[in-house]
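J.: Take this structure, written in structure tokens, and hold onto it; I'll ask about it next.
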Amino acid sequence: MKYVIIGNGIASIGAIEGIRKVDTKNEILVIGAEDAPAYGRPLISYLLAGKIGPDRLALRPQEFYDRSNVSLMLGTKVTSIDAQARTVATDKGETVTYENLLIATGGIPFTPPIPGSDGSDVYNFTNLAHAHTLISKAKEIKRAVVIGGGLIGLKAGESLFDRGVDVTILELSPRILSLAFDENAAALAGSRLAEVGLNVRCGVSAKEIQRDHDGNLKGVHLTDGDFLQCDVVVIAIGVVPNYDLAQEAGIAVDRGIKVDDHMRTSAAGVFAAGDVAQAKDLLFGDDRVIPIWTNAYNQGFCAGKNMTGADVPFTGSLAMNSISFYGLPTISVGTVNPPEGDETYDTAVSLDEKKKSYRKLVFHNDRLVGYVLVGDIDMAGMYTAFVKFQLAVPEDAKKQILAGAPDVLMWPDEFFKETWNPGVVEPD
Amino acid sequence: MKRVYPDKEYCIGCHLCEVACITAHSKSKDAIIAFREEQGKDGLTACKKVFEKGDICVAISCRHCDEPSCVAACISGGLHKDPETGRTVYDREKCVGCWSCLMACPYGAIKRHPTENKIVKCDLCEGREGGPACVAACPNQALKYEER
């Protein structure tokens, strides 16, 4: 087989689309552990909340796979990779030969050693099966405790709450979404959740999950001495790269599978992309695992093109998150919390608590390197342009950006022309 | 593929492209009704946006990029690239209003629908005879619908 992809998530879809950009002929085989069409993982919270039906989960229609000449081997786990023989073995006893392999196995939920977490009614909420179980249980569940106030935890909490469950979210750090948010953004989002009736408790975590003699869940003991009765616990601390397959095959791993600037791993013909990969970061230039959606797609797309033999360097990951809290939208991109005391960074904030509107811009030297918007997010893309294209921001332009009005006319002339009006020959 | 190219050397900032866009996407197809009524009541919104700085102006909308950031960011499958036409196609039914595309598009070409939890994006006036309405309406040919 010319192309084999392990994993059936968004990095995998990116790879299919990347391959097809260059090679429209050769067959692609996708091997996926879950027995479901590729779905948007963030969509499981919309499903649990009842905002969408199961029919809307699939990221691409079946027609896409037919047209792209992709065969799917679903409900199948890859058990090993032989990088010398260029084969992968599956739990169905099959051996598949590859010329080019993509490891897009994503992340697995990180579960800290909380006593009592082994047993019934503890979930991670990172796959469809957990969402379905929680939906079917939601009617009988009265109270839930969510451990972790990051993206997955907040979304799990919100969707359980939408099902009529009393929810308490625990976050060990002093604020929710600590990486993507600063104090102001977290406070606005937190107060929106509190308004609706969701309990968010920061600076505290679970010490032990209490069970009765039969092993039934009773509640959670907190590090501050409190006890919360509950029927289910969702542990959403984060995900770690699912790189065991690669490691066992002798492929170099660090925090994730190490890839070069073409998404190639240390083994010939083997690529990696998505939450499992440790790839170049656009802003910092070093290699990091940034387990977010757009990176997974972009890395998959780049890997896919390179798997065909094309020579396409990866431009780098850029952290970005968009999450709404009951109608209060928030967006955060790039560096949001610059290192304290580093004078090469410059931040500007504008906060209107009444309007629930917040804007924070982070400059490094003369470049915009990150921002947070809460409430008024309509100009987000225009800020992203300055971060992504690393455009210099001259003093007069800076004023305009600070006033919340970035626009395309601030771009350097040449760049504007190339972008918006290319291919025009100036008259003599 | 044919795309709409905005030329700031020719744009006079008259906003007629916005009016034409709204009209083309309205139920009534009548500029006055579309602008006066459907805008407020149905949240009808132009896919174009005119930027002005002194006497320099330009009208922009979706570039239908070869490798669009919005498609990469879309969590619902609501945005995809049509391999036949090259267009970046938006499926309103699939959109969940997560605003990831709005965040990811560095061209600022995606807007929020004012009343629904959906986005608004240029569709190059799909199916409209004579191509995009904005181009047809531009009095100074600052918008060109061309293959380049």
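How things are named: the first chain in the structure tokens is A, the next is B, and so on; residues count from 1 in each chain; ligands count from 1 in the order shown.
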Could you list, as a PyMOL selection string, the residues of chain B having an atom within 6 Å of chain A when counting only C-alpha atoms?
T.: chain B and resi 5+72-73+75-77+100+102-106+108
J.: I need the residues from that last selection saved to file as a tab-separated table (two decimals), in the first residue's frame (with C-alpha atoms), if you can.
T.:
```tsv
chain	number	residue	atom	x	y	z
B	5	TYR	CA	-9.83	40.44	-6.74
B	72	ALA	CA	-8.41	23.46	8.86
B	73	ALA	CA	-10.09	25.01	11.90
B	75	ILE	CA	-14.66	21.26	13.96
B	76	SER	CA	-18.00	20.36	12.42
B	77	GLY	CA	-17.24	19.66	8.77
B	100	SER	CA	-12.96	28.65	15.11
B	102	LEU	CA	-13.47	33.32	12.37
B	103	MET	CA	-10.41	33.03	14.62
B	104	ALA	CA	-8.28	31.18	12.09
B	105	CYS	CA	-8.97	33.18	8.91
B	106	PRO	CA	-6.20	35.81	8.79
B	108	GLY	CA	-10.96	38.60	8.37
```
J.: Need to verify the contact set: B:Lys121, 8 Å, only C-alpha atoms, exclusion of same-chain residues closer than 4 positions in sequence. Can you return it as a list in words?
T.: Cys47, Ser61, Cys62, Tyr90, Ala109, Ile110 and Lys111 of chain B
J.: Produce a file of the selected residues containing C-alpha atoms, as a compact mmCIF listing (two decimals), in the first residue's frame.
T.:
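File produced: part38.txt:
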```
# COMPACT_ATOMS: atom_id res chain seq x y z
CA CYS B 47 -20.16 38.98 3.02
CA SER B 61 -14.40 39.07 1.30
CA CYS B 62 -13.45 35.38 1.28
CA TYR B 90 -19.96 26.56 3.67
CA ALA B 109 -13.37 37.21 5.80
CA ILE B 110 -15.75 35.42 8.16
CA LYS B 111 -18.48 37.17 10.11
```
J.: Determine which residues of stretch 106-210 of chain A DSSP labels as helix (DSSP H, G or I) from the backbone of this structure, then write them out as a ChimeraX atom specification.
T.: /A:128-137,151-162,183-196
J.: Residues of chain B in strand (DSSP E or B) according to DSSP, as a VMD selection string?
T.: chain B and resid 2 to 6 49 to 53 56 to 60 79 to 81 88 to 90 111 to 112 119 to 120 143 to 147
J.: For N, CA and C atoms, I'd like the residues from the last selection saved as a PDB file, in the first residue's frame.
T.:
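Dumped everything to selection.pdb:
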```
ATOM      1  N   LYS B   2     -11.918  30.995 -10.886  1.00  0.00           N
ATOM      2  CA  LYS B   2     -12.154  32.447 -10.896  1.00  0.00           C
ATOM      3  C   LYS B   2     -12.388  32.954  -9.471  1.00  0.00           C
ATOM      4  N   ARG B   3     -11.745  34.048  -9.178  1.00  0.00           N
ATOM      5  CA  ARG B   3     -11.901  34.650  -7.849  1.00  0.00           C
ATOM      6  C   ARG B   3     -12.208  36.137  -7.985  1.00  0.00           C
ATOM      7  N   VAL B   4     -12.670  36.724  -6.891  1.00  0.00           N
ATOM      8  CA  VAL B   4     -12.889  38.172  -6.872  1.00  0.00           C
ATOM      9  C   VAL B   4     -11.623  38.851  -6.355  1.00  0.00           C
ATOM     10  N   TYR B   5     -11.049  39.721  -7.147  1.00  0.00           N
ATOM     11  CA  TYR B   5      -9.832  40.435  -6.741  1.00  0.00           C
ATOM     12  C   TYR B   5     -10.133  41.913  -6.496  1.00  0.00           C
ATOM     13  N   PRO B   6      -9.848  42.384  -5.275  1.00  0.00           N
ATOM     14  CA  PRO B   6     -10.115  43.794  -4.955  1.00  0.00           C
ATOM     15  C   PRO B   6      -8.886  44.660  -5.222  1.00  0.00           C
ATOM     16  N   LYS B  49     -16.739  43.487   3.129  1.00  0.00           N
ATOM     17  CA  LYS B  49     -16.520  44.543   4.104  1.00  0.00           C
ATOM     18  C   LYS B  49     -15.586  45.568   3.480  1.00  0.00           C
ATOM     19  N   VAL B  50     -15.995  46.837   3.548  1.00  0.00           N
ATOM     20  CA  VAL B  50     -15.169  47.897   2.993  1.00  0.00           C
ATOM     21  C   VAL B  50     -14.319  48.498   4.112  1.00  0.00           C
ATOM     22  N   PHE B  51     -13.026  48.508   3.902  1.00  0.00           N
ATOM     23  CA  PHE B  51     -12.103  49.145   4.847  1.00  0.00           C
ATOM     24  C   PHE B  51     -11.667  50.481   4.273  1.00  0.00           C
ATOM     25  N   GLU B  52     -11.578  51.480   5.133  1.00  0.00           N
ATOM     26  CA  GLU B  52     -11.193  52.807   4.657  1.00  0.00           C
ATOM     27  C   GLU B  52     -10.127  53.401   5.554  1.00  0.00           C
ATOM     28  N   LYS B  53      -9.208  54.091   4.932  1.00  0.00           N
ATOM     29  CA  LYS B  53      -8.173  54.801   5.686  1.00  0.00           C
ATOM     30  C   LYS B  53      -7.852  56.039   4.868  1.00  0.00           C
ATOM     31  N   ILE B  56      -7.868  55.999   0.936  1.00  0.00           N
ATOM     32  CA  ILE B  56      -7.580  54.641   0.454  1.00  0.00           C
ATOM     33  C   ILE B  56      -8.677  53.715   0.982  1.00  0.00           C
ATOM     34  N   CYS B  57      -9.246  52.933   0.117  1.00  0.00           N
ATOM     35  CA  CYS B  57     -10.235  51.965   0.589  1.00  0.00           C
ATOM     36  C   CYS B  57     -10.168  50.687  -0.222  1.00  0.00           C
ATOM     37  N   VAL B  58     -10.769  49.674   0.349  1.00  0.00           N
ATOM     38  CA  VAL B  58     -10.776  48.388  -0.333  1.00  0.00           C
ATOM     39  C   VAL B  58     -11.928  47.549   0.204  1.00  0.00           C
ATOM     40  N   ALA B  59     -12.515  46.744  -0.684  1.00  0.00           N
ATOM     41  CA  ALA B  59     -13.627  45.884  -0.276  1.00  0.00           C
ATOM     42  C   ALA B  59     -13.155  44.440  -0.306  1.00  0.00           C
ATOM     43  N   ILE B  60     -13.216  43.780   0.833  1.00  0.00           N
ATOM     44  CA  ILE B  60     -12.708  42.408   0.862  1.00  0.00           C
ATOM     45  C   ILE B  60     -13.787  41.402   1.263  1.00  0.00           C
ATOM     46  N   LEU B  79     -17.250  23.491   6.790  1.00  0.00           N
ATOM     47  CA  LEU B  79     -16.505  24.167   5.729  1.00  0.00           C
ATOM     48  C   LEU B  79     -15.650  23.138   5.015  1.00  0.00           C
ATOM     49  N   HIS B  80     -15.684  23.146   3.712  1.00  0.00           N
ATOM     50  CA  HIS B  80     -14.787  22.271   2.983  1.00  0.00           C
ATOM     51  C   HIS B  80     -14.435  22.865   1.629  1.00  0.00           C
ATOM     52  N   LYS B  81     -13.416  22.280   1.044  1.00  0.00           N
ATOM     53  CA  LYS B  81     -12.941  22.763  -0.241  1.00  0.00           C
ATOM     54  C   LYS B  81     -13.556  21.886  -1.312  1.00  0.00           C
ATOM     55  N   THR B  88     -14.318  27.444  -1.514  1.00  0.00           N
ATOM     56  CA  THR B  88     -14.405  27.080  -0.108  1.00  0.00           C
ATOM     57  C   THR B  88     -15.883  27.145   0.251  1.00  0.00           C
ATOM     58  N   VAL B  89     -16.478  25.986   0.445  1.00  0.00           N
ATOM     59  CA  VAL B  89     -17.935  25.898   0.549  1.00  0.00           C
ATOM     60  C   VAL B  89     -18.374  25.800   2.014  1.00  0.00           C
ATOM     61  N   TYR B  90     -19.433  26.525   2.310  1.00  0.00           N
ATOM     62  CA  TYR B  90     -19.965  26.562   3.671  1.00  0.00           C
ATOM     63  C   TYR B  90     -21.316  25.870   3.718  1.00  0.00           C
ATOM     64  N   LYS B 111     -17.735  36.360   9.140  1.00  0.00           N
ATOM     65  CA  LYS B 111     -18.479  37.166  10.112  1.00  0.00           C
ATOM     66  C   LYS B 111     -19.432  36.278  10.891  1.00  0.00           C
ATOM     67  N   ARG B 112     -19.898  36.795  12.024  1.00  0.00           N
ATOM     68  CA  ARG B 112     -20.950  36.095  12.756  1.00  0.00           C
ATOM     69  C   ARG B 112     -22.300  36.564  12.229  1.00  0.00           C
ATOM     70  N   ILE B 119     -22.178  31.264  10.923  1.00  0.00           N
ATOM     71  CA  ILE B 119     -21.312  32.263  10.299  1.00  0.00           C
ATOM     72  C   ILE B 119     -21.895  32.736   8.967  1.00  0.00           C
ATOM     73  N   VAL B 120     -21.303  33.809   8.469  1.00  0.00           N
ATOM     74  CA  VAL B 120     -21.665  34.342   7.160  1.00  0.00           C
ATOM     75  C   VAL B 120     -20.381  34.421   6.347  1.00  0.00           C
ATOM     76  N   LEU B 143     -13.417  45.745  -8.393  1.00  0.00           N
ATOM     77  CA  LEU B 143     -13.531  44.318  -8.126  1.00  0.00           C
ATOM     78  C   LEU B 143     -13.552  43.590  -9.458  1.00  0.00           C
ATOM     79  N   LYS B 144     -12.663  42.615  -9.572  1.00  0.00           N
ATOM     80  CA  LYS B 144     -12.617  41.860 -10.835  1.00  0.00           C
ATOM     81  C   LYS B 144     -12.792  40.379 -10.543  1.00  0.00           C
ATOM     82  N   TYR B 145     -13.613  39.740 -11.338  1.00  0.00           N
ATOM     83  CA  TYR B 145     -13.857  38.299 -11.188  1.00  0.00           C
ATOM     84  C   TYR B 145     -13.104  37.614 -12.308  1.00  0.00           C
ATOM     85  N   GLU B 146     -11.942  37.064 -11.973  1.00  0.00           N
ATOM     86  CA  GLU B 146     -11.036  36.587 -13.022  1.00  0.00           C
ATOM     87  C   GLU B 146     -10.349  35.280 -12.635  1.00  0.00           C
ATOM     88  N   GLU B 147      -9.824  34.657 -13.657  1.00  0.00           N
ATOM     89  CA  GLU B 147      -8.948  33.507 -13.497  1.00  0.00           C
ATOM     90  C   GLU B 147      -7.523  34.062 -13.527  1.00  0.00           C
TER      91      GLU B 147
END
```
J.: Neighbouring residues of A:Gln247 were defined as those with any atom within 9 Å, considering only C-alpha atoms; residues of the same chain fewer than 5 positions away were excluded. Please report them as JSON, numbers by chain.
T.: {"A": [252, 253, 257]}
J.: Could you save the residues just selected, with N, CA, C and O atoms, as a CSV table (one decimal), in the first residue's frame?
T.:
```
chain,number,residue,atom,x,y,z
A,252,ALA,N,12.1,7.7,17.3
A,252,ALA,CA,12.5,8.6,18.4
A,252,ALA,C,11.3,9.4,18.9
A,252,ALA,O,10.5,10.0,18.2
A,253,VAL,N,11.2,9.4,20.3
A,253,VAL,CA,10.2,10.2,20.9
A,253,VAL,C,10.8,11.0,22.0
A,253,VAL,O,11.8,10.7,22.6
A,257,ILE,N,6.1,12.2,19.5
A,257,ILE,CA,7.0,11.7,18.5
A,257,ILE,C,7.7,12.8,17.8
A,257,ILE,O,7.1,13.8,17.4
```
J.: B:Ala34, B:Lys41, B:Cys14, B:Thr23: which is nearest B:Thr115, counting only C-alpha atoms?
T.: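 Smallest separation from B:Thr115 among the options: B:Lys41.
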J.: As a count of residues only, please: the residues near stretch 390-393 of chain A (cut-off 10 Å, only C-alpha atoms, same-chain neighbours under 5 positions excluded).
T.: 18
J.: Any idea what's packed within 12 Å of A:Arg211, counting only C-alpha atoms, ignoring anything in its chain fewer than 2 positions away? Could you give it as JSON, numbers by chain?
T.: {"A": [115, 116, 117, 118, 119, 120, 121, 122, 208, 209, 213, 214, 215, 216, 217, 218, 219, 220, 221, 229, 230, 231, 232, 233]}
J.: For atom CA of A:Gly334 and atom CA of A:Phe181, quote the distance in Å rounded to one decimal.
T.: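 Calculated distance between atom CA of A:Gly334 and atom CA of A:Phe181 is 10.8 Å.
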J.: Between atom CA of A:Leu29 and atom CA of A:Ile108, what is the distance, to one decimal in Å?
T.: 22.6 Å
J.: In Å, how far is it from atom CA of A:Ser357 to atom CA of A:Val336?
T.: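 So the answer is 16.4 Å.
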J.: So, with only C-alpha atoms as the atoms that count, which of B:Glu37, B:Asp55, B:Asp82, B:Val135 lies closest to B:Cys17?
T.: B:Val135
J.: So which residues touch A:Thr76 within 9 Å, counting only C-alpha atoms, skipping near sequence neighbours fewer than 2 positions away, as a tab-separated table (two decimals) with all heavy atoms, in the first residue's frame?
T.:
```tsv
chain	number	residue	atom	x	y	z
A	31	ILE	N	-6.45	3.22	9.12
A	31	ILE	CA	-6.76	2.24	10.15
A	31	ILE	C	-7.16	2.99	11.42
A	31	ILE	O	-6.38	3.78	11.97
A	31	ILE	CB	-5.56	1.31	10.45
A	31	ILE	CG1	-5.01	0.72	9.15
A	31	ILE	CG2	-5.95	0.21	11.42
A	31	ILE	CD1	-3.72	-0.09	9.33
A	32	GLY	N	-8.39	2.79	11.88
A	32	GLY	CA	-8.89	3.52	13.04
A	32	GLY	C	-9.37	2.59	14.14
A	32	GLY	O	-10.05	1.60	13.85
A	33	ALA	N	-9.04	2.90	15.37
A	33	ALA	CA	-9.41	2.02	16.49
A	33	ALA	C	-10.90	2.09	16.80
A	33	ALA	O	-11.54	1.09	17.12
A	33	ALA	CB	-8.60	2.40	17.73
A	34	GLU	N	-11.47	3.29	16.70
A	34	GLU	CA	-12.90	3.42	16.98
A	34	GLU	C	-13.70	2.99	15.76
A	34	GLU	O	-13.29	3.25	14.63
A	34	GLU	CB	-13.25	4.88	17.32
A	34	GLU	CG	-12.78	5.31	18.70
A	34	GLU	CD	-13.13	6.77	18.97
A	34	GLU	OE1	-14.28	7.06	19.29
A	34	GLU	OE2	-12.24	7.62	18.84
A	35	ASP	N	-14.84	2.38	16.04
A	35	ASP	CA	-15.66	1.89	14.92
A	35	ASP	C	-16.70	2.94	14.54
A	35	ASP	O	-17.89	2.73	14.64
A	35	ASP	CB	-16.34	0.57	15.31
A	35	ASP	CG	-16.83	-0.18	14.07
A	35	ASP	OD1	-16.50	0.26	12.96
A	35	ASP	OD2	-17.52	-1.19	14.23
A	73	MET	N	-10.29	0.92	7.53
A	73	MET	CA	-10.24	-0.30	8.31
A	73	MET	C	-10.54	0.16	9.74
A	73	MET	O	-9.64	0.55	10.48
A	73	MET	CB	-8.82	-0.88	8.19
A	73	MET	CG	-8.68	-2.35	8.50
A	73	MET	SD	-6.92	-2.83	8.45
A	73	MET	CE	-6.77	-3.41	6.78
A	74	LEU	N	-11.85	0.18	10.08
A	74	LEU	CA	-12.23	0.76	11.37
A	74	LEU	C	-12.43	-0.33	12.42
A	74	LEU	O	-12.49	-1.52	12.10
A	74	LEU	CB	-13.50	1.60	11.21
A	74	LEU	CG	-13.39	2.76	10.22
A	74	LEU	CD1	-14.67	3.57	10.18
A	74	LEU	CD2	-12.21	3.67	10.56
A	78	VAL	N	-3.91	-0.99	15.61
A	78	VAL	CA	-2.58	-1.40	15.16
A	78	VAL	C	-1.82	-1.85	16.40
A	78	VAL	O	-1.79	-1.15	17.42
A	78	VAL	CB	-1.86	-0.24	14.46
A	78	VAL	CG1	-0.40	-0.58	14.21
A	78	VAL	CG2	-2.55	0.08	13.14
A	90	THR	N	-2.10	-5.68	12.86
A	90	THR	CA	-3.33	-5.25	13.54
A	90	THR	C	-3.83	-6.33	14.50
A	90	THR	O	-3.40	-7.48	14.42
A	90	THR	CB	-4.46	-4.96	12.53
A	90	THR	OG1	-4.96	-6.22	12.04
A	90	THR	CG2	-3.98	-4.11	11.38
A	91	ASP	N	-4.77	-5.92	15.35
A	91	ASP	CA	-5.34	-6.88	16.31
A	91	ASP	C	-6.26	-7.90	15.62
A	91	ASP	O	-6.75	-8.81	16.26
A	91	ASP	CB	-6.07	-6.15	17.44
A	91	ASP	CG	-7.23	-5.31	16.94
A	91	ASP	OD1	-7.38	-5.13	15.71
A	91	ASP	OD2	-8.00	-4.80	17.79
A	92	LYS	N	-6.50	-7.69	14.34
A	92	LYS	CA	-7.30	-8.67	13.60
A	92	LYS	C	-6.40	-9.71	12.95
A	92	LYS	O	-6.84	-10.53	12.15
A	92	LYS	CB	-8.12	-7.96	12.50
A	92	LYS	CG	-9.02	-6.86	13.01
A	92	LYS	CD	-10.43	-7.38	13.27
A	92	LYS	CE	-11.25	-6.45	14.14
A	92	LYS	NZ	-11.65	-5.23	13.43
```
J.: Name all residues at most 9 Å from stretch 140-151 of chain A (count only C-alpha atoms; drop same-chain ones fewer than 4 positions away) and give them as a VMD selection string.
T.: chain A and resid 134 136 155 to 157 160 to 161 164 to 173 175 to 180 200 to 202 205 to 206 219 to 220 228 to 238 321 323
